[in-house]
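Okay, entry_6.csv is below, CSV, C-alpha atoms:
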```csv
chain,number,residue,atom,x,y,z
M,46,MET,CA,59.5,13.7,-50.4
M,47,THR,CA,62.4,16.1,-50.1
M,48,TRP,CA,62.0,19.6,-48.5
M,49,MET,CA,64.6,22.1,-49.5
M,50,ALA,CA,65.4,25.5,-48.0
M,51,ASN,CA,64.9,28.5,-50.2
M,52,GLU,CA,67.5,29.1,-52.9
M,53,ALA,CA,68.7,32.5,-51.8
M,54,LYS,CA,70.1,31.4,-48.4
M,55,PRO,CA,69.8,27.6,-48.3
M,56,CYS,CA,69.7,26.1,-44.9
M,57,PRO,CA,72.6,23.8,-44.3
M,58,CYS,CA,70.4,21.8,-42.0
M,59,ASP,CA,68.0,20.7,-44.8
M,60,MET,CA,64.9,18.7,-44.1
M,61,GLY,CA,66.0,15.5,-45.7
M,62,TYR,CA,63.1,13.2,-46.0
M,63,MET,CA,59.9,13.8,-44.0
M,64,MET,CA,58.3,10.5,-43.2
M,65,GLU,CA,54.7,9.8,-43.8
M,66,TYR,CA,54.3,8.6,-40.2
M,67,GLY,CA,51.5,9.0,-37.7
M,68,GLY,CA,53.1,7.5,-34.6
M,69,VAL,CA,51.6,5.0,-32.1
M,70,GLY,CA,51.7,7.3,-29.0
M,71,GLN,CA,49.4,10.1,-27.9
M,72,GLU,CA,49.7,13.9,-27.2
M,73,VAL,CA,49.5,14.8,-23.6
M,74,GLN,CA,49.8,18.0,-21.5
M,75,ILE,CA,52.7,18.2,-19.0
M,76,GLU,CA,52.1,21.3,-16.9
M,77,HIS,CA,52.7,24.2,-19.4
M,78,ILE,CA,54.0,21.9,-22.2
M,79,LYS,CA,52.5,19.7,-24.8
M,80,ALA,CA,54.2,16.4,-25.4
M,81,TYR,CA,54.1,13.2,-27.4
M,82,LEU,CA,54.1,10.2,-25.1
M,83,VAL,CA,54.5,6.6,-26.1
M,84,LYS,CA,54.6,3.7,-23.7
M,85,PRO,CA,56.5,0.4,-24.2
M,86,PRO,CA,54.7,-2.9,-24.8
M,87,SER,CA,55.2,-4.0,-21.2
M,88,ASP,CA,55.6,-2.0,-17.9
M,89,SER,CA,59.0,-0.2,-17.5
M,90,ASP,CA,60.6,2.1,-15.0
M,91,LYS,CA,63.0,3.5,-17.6
M,92,ALA,CA,62.2,6.6,-19.6
M,93,ILE,CA,63.8,8.6,-22.3
M,94,ILE,CA,63.3,12.3,-23.0
M,95,ILE,CA,63.5,12.7,-26.8
M,96,ILE,CA,64.5,16.3,-27.7
M,97,GLN,CA,63.4,17.7,-31.0
M,98,ASP,CA,65.4,19.3,-33.8
M,99,ILE,CA,64.7,22.7,-35.3
M,100,TYR,CA,61.7,21.4,-37.1
M,101,GLY,CA,59.8,20.8,-33.8
M,102,TRP,CA,58.2,18.2,-31.6
M,103,GLN,CA,55.6,17.2,-34.2
M,104,LEU,CA,58.1,16.1,-36.9
M,105,PRO,CA,57.0,12.6,-37.8
M,106,ASN,CA,60.7,11.5,-38.1
M,107,THR,CA,61.3,12.4,-34.4
M,108,ARG,CA,58.1,10.6,-33.3
M,109,TYR,CA,59.3,7.6,-35.3
M,110,MET,CA,62.5,7.6,-33.1
M,111,ALA,CA,60.4,7.9,-30.0
M,112,ASP,CA,58.3,4.9,-31.0
M,113,MET,CA,61.5,3.0,-31.8
M,114,LEU,CA,62.8,3.7,-28.3
M,115,ALA,CA,59.5,2.7,-26.8
M,116,SER,CA,59.5,-0.6,-28.7
M,117,ASN,CA,62.8,-1.3,-27.0
M,118,GLY,CA,61.3,-1.0,-23.5
M,119,TYR,CA,61.4,2.7,-22.7
M,120,ILE,CA,58.7,5.2,-21.8
M,121,ALA,CA,59.4,7.8,-24.5
M,122,VAL,CA,58.3,11.4,-24.2
M,123,CYS,CA,59.0,14.1,-26.8
M,124,PRO,CA,58.0,17.5,-25.2
M,125,ASP,CA,57.5,20.7,-27.1
M,126,PHE,CA,60.5,22.6,-25.9
M,127,TYR,CA,59.5,25.6,-28.0
M,128,ILE,CA,56.4,25.9,-25.9
M,129,GLY,CA,54.0,26.6,-28.7
M,130,LYS,CA,56.4,28.9,-30.7
M,131,GLU,CA,56.7,28.1,-34.4
M,132,PRO,CA,59.5,25.6,-35.3
M,133,TRP,CA,61.9,26.4,-38.1
M,134,SER,CA,60.4,25.9,-41.6
M,135,PRO,CA,62.4,24.7,-44.6
M,136,SER,CA,61.1,27.6,-46.5
M,137,GLN,CA,62.6,30.2,-44.2
M,138,ASP,CA,65.7,32.3,-45.1
M,139,TRP,CA,68.7,30.9,-43.3
M,140,SER,CA,70.1,34.4,-42.7
M,141,THR,CA,67.2,34.9,-40.2
M,142,PHE,CA,68.0,31.7,-38.2
M,143,GLN,CA,69.8,33.4,-35.3
M,144,GLN,CA,66.9,35.8,-34.9
M,145,TRP,CA,64.5,32.8,-34.8
M,146,LEU,CA,66.7,31.0,-32.3
M,147,GLU,CA,66.8,34.0,-29.9
M,148,ASP,CA,63.9,32.8,-27.7
M,149,LYS,CA,64.5,29.1,-28.3
M,150,LYS,CA,67.9,28.6,-26.8
M,151,PRO,CA,68.7,24.9,-26.2
M,152,THR,CA,70.5,25.9,-23.0
M,153,ASN,CA,67.4,27.6,-21.6
M,154,ILE,CA,65.2,24.7,-21.0
M,155,ASN,CA,65.4,24.0,-17.2
M,156,LYS,CA,61.8,24.9,-16.5
M,157,GLU,CA,60.6,22.4,-19.1
M,158,VAL,CA,63.1,19.7,-18.2
M,159,ASP,CA,62.1,20.0,-14.5
M,160,ALA,CA,58.4,19.6,-15.5
M,161,VAL,CA,59.1,16.6,-17.6
M,162,LEU,CA,61.2,14.9,-14.9
M,163,ARG,CA,58.4,15.5,-12.4
M,164,PHE,CA,55.9,14.0,-14.8
M,165,LEU,CA,58.0,10.9,-15.6
M,166,LYS,CA,58.6,10.2,-11.9
M,167,SER,CA,55.1,10.9,-10.6
M,168,GLN,CA,52.8,9.9,-13.5
M,169,CYS,CA,54.9,7.2,-15.3
M,170,GLY,CA,56.8,5.6,-12.4
M,171,ALA,CA,60.1,6.2,-14.0
M,172,LEU,CA,63.1,5.5,-11.8
M,173,ARG,CA,65.8,5.8,-14.5
M,174,ILE,CA,65.7,8.6,-17.0
M,175,GLY,CA,67.9,9.3,-20.1
M,176,ALA,CA,67.9,11.8,-23.0
M,177,VAL,CA,68.3,11.5,-26.7
M,178,GLY,CA,68.4,14.7,-28.8
M,179,PHE,CA,68.8,15.5,-32.5
M,180,CYS,CA,70.4,18.7,-33.9
M,181,TRP,CA,69.0,21.5,-31.6
M,182,GLY,CA,68.1,18.6,-29.3
M,183,GLY,CA,71.6,17.3,-29.5
M,184,VAL,CA,72.8,20.6,-28.0
M,185,ALA,CA,70.1,20.4,-25.4
M,186,THR,CA,71.1,16.8,-24.5
M,187,HIS,CA,74.8,18.0,-24.1
M,188,TYR,CA,73.4,20.7,-21.8
M,189,LEU,CA,71.4,18.1,-19.7
M,190,ALA,CA,74.6,16.1,-19.3
M,191,LEU,CA,76.3,19.1,-17.7
M,192,GLN,CA,73.3,20.2,-15.5
M,193,TYR,CA,71.3,17.0,-14.6
M,194,PRO,CA,73.2,14.1,-13.0
M,195,GLU,CA,69.9,12.4,-12.5
M,196,VAL,CA,69.6,12.0,-16.2
M,197,ARG,CA,71.6,8.8,-16.3
M,198,ALA,CA,72.6,8.7,-19.9
M,199,GLY,CA,72.5,11.0,-22.9
M,200,VAL,CA,72.9,10.6,-26.6
M,201,SER,CA,73.7,13.9,-28.4
M,202,VAL,CA,73.1,13.3,-32.2
M,203,TYR,CA,74.8,16.0,-34.2
M,204,GLY,CA,74.7,18.7,-31.5
M,205,ILE,CA,77.5,20.6,-29.6
M,206,ILE,CA,77.4,23.3,-27.0
M,207,ARG,CA,79.9,25.9,-28.3
M,208,GLU,CA,79.7,28.9,-25.9
M,209,ARG,CA,79.9,27.6,-22.3
M,210,GLU,CA,83.1,27.3,-20.3
M,211,ASP,CA,81.9,24.2,-18.5
M,212,ARG,CA,80.9,22.4,-21.6
M,213,TYR,CA,83.3,19.5,-21.1
M,214,GLU,CA,82.5,18.7,-17.5
M,215,LEU,CA,79.9,16.0,-18.1
M,216,LYS,CA,77.9,14.7,-15.1
M,217,SER,CA,76.4,11.8,-16.9
M,218,PRO,CA,77.6,9.3,-19.5
M,219,THR,CA,77.2,10.8,-23.0
M,220,LEU,CA,77.5,9.5,-26.5
M,221,PHE,CA,78.1,12.0,-29.3
M,222,ILE,CA,77.2,11.0,-32.8
M,223,PHE,CA,78.3,13.1,-35.9
M,224,GLY,CA,78.4,12.8,-39.6
M,225,GLU,CA,81.7,13.2,-41.4
M,226,LYS,CA,80.2,15.6,-44.0
M,227,ASP,CA,78.1,17.7,-41.7
M,228,ASP,CA,78.0,21.3,-43.0
M,229,VAL,CA,76.6,22.5,-39.6
M,230,ILE,CA,79.2,20.9,-37.4
M,231,PRO,CA,82.6,20.6,-39.2
M,232,LEU,CA,85.1,18.0,-38.2
M,233,ASP,CA,87.4,20.5,-36.6
M,234,GLN,CA,84.7,21.3,-34.0
M,235,VAL,CA,84.3,17.5,-33.3
M,236,SER,CA,88.1,17.2,-32.8
M,237,VAL,CA,88.1,20.1,-30.3
M,238,LEU,CA,85.2,18.5,-28.4
M,239,GLU,CA,87.0,15.2,-28.2
M,240,LYS,CA,90.4,16.7,-27.2
M,241,ASN,CA,88.8,18.8,-24.5
M,242,LEU,CA,86.7,15.9,-23.2
M,243,GLN,CA,89.9,13.8,-22.9
M,244,GLU,CA,91.5,16.6,-20.8
M,245,LYS,CA,88.6,17.8,-18.7
M,246,CYS,CA,86.0,15.0,-18.5
M,247,THR,CA,87.2,12.8,-15.7
M,248,GLY,CA,85.1,10.1,-13.9
M,249,VAL,CA,82.3,10.1,-16.4
M,250,ASP,CA,82.2,7.9,-19.6
M,251,TYR,CA,81.7,9.5,-23.0
M,252,HIS,CA,82.2,8.5,-26.6
M,253,VAL,CA,82.5,10.6,-29.7
M,254,LYS,CA,81.7,8.7,-33.0
M,255,VAL,CA,81.9,10.1,-36.5
M,256,PHE,CA,80.1,8.2,-39.3
M,257,PRO,CA,82.0,8.4,-42.6
M,258,GLY,CA,80.3,10.0,-45.6
M,259,GLN,CA,77.2,11.1,-43.5
M,260,THR,CA,75.6,14.5,-43.5
M,261,HIS,CA,73.7,16.4,-40.8
M,262,GLY,CA,70.4,14.7,-39.9
M,263,PHE,CA,71.3,11.2,-41.2
M,264,VAL,CA,70.2,9.3,-38.1
M,265,HIS,CA,66.6,10.5,-38.1
M,266,ARG,CA,66.0,12.4,-41.3
M,267,LYS,CA,67.2,9.9,-43.9
M,268,ARG,CA,64.9,7.0,-44.7
M,269,GLU,CA,66.9,3.8,-44.7
M,270,ASP,CA,64.5,2.1,-47.1
M,271,ILE,CA,65.4,4.5,-49.9
M,272,ASN,CA,68.9,5.5,-49.0
M,273,THR,CA,70.4,2.1,-49.4
M,274,THR,CA,74.0,3.3,-49.3
M,275,ASP,CA,73.4,5.1,-46.1
M,276,GLN,CA,71.4,2.3,-44.5
M,277,PRO,CA,74.3,0.6,-42.7
M,278,CYS,CA,75.3,3.9,-41.0
M,279,ILE,CA,71.7,4.8,-40.1
M,280,GLN,CA,71.1,1.4,-38.5
M,281,GLU,CA,74.5,1.3,-36.8
M,282,ALA,CA,73.9,4.7,-35.2
M,283,ARG,CA,70.5,3.7,-34.0
M,284,THR,CA,71.9,0.5,-32.5
M,285,ASP,CA,74.6,2.6,-30.9
M,286,ILE,CA,71.9,4.7,-29.2
M,287,LEU,CA,70.1,1.7,-27.9
M,288,ASN,CA,73.4,0.1,-26.7
M,289,TRP,CA,74.5,3.2,-24.9
M,290,LEU,CA,71.2,3.6,-23.1
M,291,GLN,CA,71.1,-0.1,-22.2
M,292,LYS,CA,74.6,0.1,-20.7
M,293,TYR,CA,73.9,3.1,-18.4
M,294,MET,CA,70.3,2.7,-17.6
```
As a first step, turn the structure in this file into structure tokens.
Amino acid sequence: MTWMANEAKPCPCDMGYMMEYGGVGQEVQIEHIKAYLVKPPSDSDKAIIIIQDIYGWQLPNTRYMADMLASNGYIAVCPDFYIGKEPWSPSQDWSTFQQWLEDKKPTNINKEVDAVLRFLKSQCGALRIGAVGFCWGGVATHYLALQYPEVRAGVSVYGIIREREDRYELKSPTLFIFGEKDDVIPLDQVSVLEKNLQEKCTGVDYHVKVFPGQTHGFVHRKREDINTTDQPCIQEARTDILNWLQKYM
């Protein structure tokens, strides 16, 4: 089913298609945070932190991505980075978005990230840790790449940090994925990111990839089984995520 923002101020980050999906993992408590945890079929010392979009850690689509990563050999954990605060709702007025975001900044997550890293190392035996984030979580993943060299690889899916001076000085290899027709992140911002990374990001690998014809949310909010024209891009982007993680972890 399709969820639309209200008509008065439609949200450019519309819901897309919410999957009817329960997930194969379990909800756990990590210090002060709830999280969705899914283990791979066989033992692994590699873990991925999946970072939610504005619709929160319980969105079935995001849990589907966590399960996909787990099926490819990673311990996958999707923490509630909003710490119990209400996620954005498709029915909310987009003009109030900045107010909603005020206490949920994707660059203010160190306490939660530190707790999750401790958990993955001590409770799950993780020796190599990466991050994959979508939308709000894409910004957060970009932030981790600047702040946490121990996070070995990051994939930021339609997310850019815009306000920090050090935002191009990556400390871990990062793949940035965007849609050509993203109303939230126009192509000129993607061009600025790429240009500045070329100038300022030395010694760390990165890649910026734009998918033609795709809109915000296409990697995890479009269902490939009913969006047949988008299916090749959805599958290619997911394969790119897996290949990037495999290369650097």
Q: Mind checking which residues fall within 9 Å of Met110 (chain M), counting only C-alpha atoms, ignoring those fewer than 5 positions away in the same chain, and posting them as a VMD selection string?
A: chain M and resid 95 105 115 265 283
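Compared by their closest atoms to Lys79 (chain M), and using only C-alpha atoms, the residues M:Glu269, M:Asp228, M:Asp148, M:Asp125 rank with M:Asp125 nearest.
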Q. Expressed in Å to a single decimal, how great is the separation between CA of Val69 (chain M) and CA of Gln280 (chain M)?
A. 20.8 Å
Q. Quick one: distance from CA of Met113 (chain M) to CA of Gly182 (chain M) in Å, one decimal?
A. 17.1 Å
**Q.** Length of the CA of Leu290 (chain M) to CA of Glu195 (chain M) vector [Å]
**A.**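 Rounded to one decimal, the two atoms are 13.8 Å apart.
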Q) Between M:Ile154, M:Asn241, M:Leu82, M:Val200, which one has atoms that come closest to Gln168 (chain M), using only C-alpha atoms? A)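 The shortest atom-to-atom distance to Gln168 (chain M) comes from M:Leu82.
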Q: Find the residues with any atom within 7 Å of (60.7, 6.6, -15.8); use only C-alpha atoms and the coordinates as given in the file, and write the answer as a ChimeraX atom specification.
A: /M:90-92,120,165-166,169-174
Q: Pick out the residues sitting within 9 Å of Val158 (chain M), and hand them over as a list in words; count all atoms listed in the file, and ignore anything fewer than 4 positions along from it in its own chain.
A: Ile94, Pro124, Phe126, Ile154, Leu162, Arg163 and Leu189 of chain M
Q) Of the candidates M:Gly129, M:Gly183, M:Gly248, M:Gly199, which shows the shortest atom-to-atom distance to Asp285 (chain M), using only C-alpha atoms? A)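 Residue with the minimum atom-to-atom distance to Asp285 (chain M): M:Gly199.
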Q.
Within 8 Å of (75.5, 18.8, -15.9) (file coordinates; only C-alpha atoms), which protein or nucleic acid residues are there? I'd like them as a ChimeraX atom specification.
A. /M:188-194,214-217
Would you mind writing region 194-205 of chain M with all heavy atoms, as a PDB file, in the frame of the given file?
```pdb
ATOM      1  N   PRO M 194      72.673  15.475 -13.242  1.00  0.00           N
ATOM      2  CA  PRO M 194      73.200  14.100 -13.000  1.00  0.00           C
ATOM      3  C   PRO M 194      72.178  13.055 -12.892  1.00  0.00           C
ATOM      4  O   PRO M 194      72.473  11.887 -13.132  1.00  0.00           O
ATOM      5  CB  PRO M 194      73.945  14.326 -11.622  1.00  0.00           C
ATOM      6  CG  PRO M 194      74.080  15.791 -11.424  1.00  0.00           C
ATOM      7  CD  PRO M 194      72.997  16.451 -12.209  1.00  0.00           C
ATOM      8  N   GLU M 195      70.928  13.430 -12.562  1.00  0.00           N
ATOM      9  CA  GLU M 195      69.900  12.400 -12.500  1.00  0.00           C
ATOM     10  C   GLU M 195      69.463  11.865 -13.815  1.00  0.00           C
ATOM     11  O   GLU M 195      68.827  10.814 -13.894  1.00  0.00           O
ATOM     12  CB  GLU M 195      68.643  13.000 -11.736  1.00  0.00           C
ATOM     13  CG  GLU M 195      67.921  14.079 -12.517  1.00  0.00           C
ATOM     14  CD  GLU M 195      66.855  14.768 -11.692  1.00  0.00           C
ATOM     15  OE1 GLU M 195      65.845  14.132 -11.374  1.00  0.00           O
ATOM     16  OE2 GLU M 195      67.039  15.962 -11.357  1.00  0.00           O
ATOM     17  N   VAL M 196      69.808  12.563 -14.891  1.00  0.00           N
ATOM     18  CA  VAL M 196      69.600  12.000 -16.200  1.00  0.00           C
ATOM     19  C   VAL M 196      70.802  11.067 -16.459  1.00  0.00           C
ATOM     20  O   VAL M 196      71.923  11.497 -16.668  1.00  0.00           O
ATOM     21  CB  VAL M 196      69.548  13.107 -17.299  1.00  0.00           C
ATOM     22  CG1 VAL M 196      69.447  12.511 -18.690  1.00  0.00           C
ATOM     23  CG2 VAL M 196      68.354  14.018 -17.031  1.00  0.00           C
ATOM     24  N   ARG M 197      70.521   9.782 -16.386  1.00  0.00           N
ATOM     25  CA  ARG M 197      71.600   8.800 -16.300  1.00  0.00           C
ATOM     26  C   ARG M 197      72.443   8.593 -17.479  1.00  0.00           C
ATOM     27  O   ARG M 197      73.580   8.128 -17.392  1.00  0.00           O
ATOM     28  CB  ARG M 197      70.968   7.431 -15.881  1.00  0.00           C
ATOM     29  CG  ARG M 197      70.368   7.396 -14.502  1.00  0.00           C
ATOM     30  CD  ARG M 197      70.075   5.976 -14.142  1.00  0.00           C
ATOM     31  NE  ARG M 197      69.645   5.852 -12.756  1.00  0.00           N
ATOM     32  CZ  ARG M 197      69.740   4.726 -12.069  1.00  0.00           C
ATOM     33  NH1 ARG M 197      70.268   3.660 -12.617  1.00  0.00           N
ATOM     34  NH2 ARG M 197      69.314   4.670 -10.822  1.00  0.00           N
ATOM     35  N   ALA M 198      71.891   8.872 -18.639  1.00  0.00           N
ATOM     36  CA  ALA M 198      72.600   8.700 -19.900  1.00  0.00           C
ATOM     37  C   ALA M 198      72.085   9.625 -20.934  1.00  0.00           C
ATOM     38  O   ALA M 198      70.884   9.905 -20.973  1.00  0.00           O
ATOM     39  CB  ALA M 198      72.499   7.236 -20.367  1.00  0.00           C
ATOM     40  N   GLY M 199      72.961  10.124 -21.793  1.00  0.00           N
ATOM     41  CA  GLY M 199      72.500  11.000 -22.900  1.00  0.00           C
ATOM     42  C   GLY M 199      73.149  10.592 -24.189  1.00  0.00           C
ATOM     43  O   GLY M 199      74.271  10.086 -24.228  1.00  0.00           O
ATOM     44  N   VAL M 200      72.395  10.815 -25.260  1.00  0.00           N
ATOM     45  CA  VAL M 200      72.900  10.600 -26.600  1.00  0.00           C
ATOM     46  C   VAL M 200      72.664  11.939 -27.370  1.00  0.00           C
ATOM     47  O   VAL M 200      71.513  12.294 -27.626  1.00  0.00           O
ATOM     48  CB  VAL M 200      72.308   9.451 -27.353  1.00  0.00           C
ATOM     49  CG1 VAL M 200      72.997   9.281 -28.715  1.00  0.00           C
ATOM     50  CG2 VAL M 200      72.423   8.163 -26.543  1.00  0.00           C
ATOM     51  N   SER M 201      73.745  12.638 -27.687  1.00  0.00           N
ATOM     52  CA  SER M 201      73.700  13.900 -28.400  1.00  0.00           C
ATOM     53  C   SER M 201      73.964  13.580 -29.895  1.00  0.00           C
ATOM     54  O   SER M 201      75.088  13.226 -30.231  1.00  0.00           O
ATOM     55  CB  SER M 201      74.660  14.902 -27.871  1.00  0.00           C
ATOM     56  OG  SER M 201      74.741  16.033 -28.707  1.00  0.00           O
ATOM     57  N   VAL M 202      72.945  13.695 -30.739  1.00  0.00           N
ATOM     58  CA  VAL M 202      73.100  13.300 -32.200  1.00  0.00           C
ATOM     59  C   VAL M 202      73.226  14.637 -32.953  1.00  0.00           C
ATOM     60  O   VAL M 202      72.309  15.435 -33.006  1.00  0.00           O
ATOM     61  CB  VAL M 202      71.902  12.502 -32.644  1.00  0.00           C
ATOM     62  CG1 VAL M 202      72.192  11.936 -34.031  1.00  0.00           C
ATOM     63  CG2 VAL M 202      71.597  11.370 -31.668  1.00  0.00           C
ATOM     64  N   TYR M 203      74.372  14.836 -33.514  1.00  0.00           N
ATOM     65  CA  TYR M 203      74.800  16.000 -34.200  1.00  0.00           C
ATOM     66  C   TYR M 203      74.383  17.326 -33.508  1.00  0.00           C
ATOM     67  O   TYR M 203      73.621  18.139 -34.022  1.00  0.00           O
ATOM     68  CB  TYR M 203      74.380  16.059 -35.707  1.00  0.00           C
ATOM     69  CG  TYR M 203      73.198  15.193 -36.109  1.00  0.00           C
ATOM     70  CD1 TYR M 203      71.889  15.618 -35.928  1.00  0.00           C
ATOM     71  CD2 TYR M 203      73.407  13.950 -36.689  1.00  0.00           C
ATOM     72  CE1 TYR M 203      70.815  14.832 -36.305  1.00  0.00           C
ATOM     73  CE2 TYR M 203      72.331  13.151 -37.073  1.00  0.00           C
ATOM     74  CZ  TYR M 203      71.037  13.595 -36.874  1.00  0.00           C
ATOM     75  OH  TYR M 203      69.975  12.819 -37.239  1.00  0.00           O
ATOM     76  N   GLY M 204      74.930  17.493 -32.293  1.00  0.00           N
ATOM     77  CA  GLY M 204      74.700  18.700 -31.500  1.00  0.00           C
ATOM     78  C   GLY M 204      75.888  18.963 -30.584  1.00  0.00           C
ATOM     79  O   GLY M 204      76.339  18.025 -29.922  1.00  0.00           O
ATOM     80  N   ILE M 205      76.384  20.190 -30.525  1.00  0.00           N
ATOM     81  CA  ILE M 205      77.500  20.600 -29.600  1.00  0.00           C
ATOM     82  C   ILE M 205      77.157  21.904 -28.987  1.00  0.00           C
ATOM     83  O   ILE M 205      76.744  22.830 -29.688  1.00  0.00           O
ATOM     84  CB  ILE M 205      78.835  20.718 -30.350  1.00  0.00           C
ATOM     85  CG1 ILE M 205      79.287  19.446 -31.048  1.00  0.00           C
ATOM     86  CG2 ILE M 205      79.922  21.171 -29.389  1.00  0.00           C
ATOM     87  CD1 ILE M 205      80.639  19.593 -31.760  1.00  0.00           C
TER      88      ILE M 205
END
```
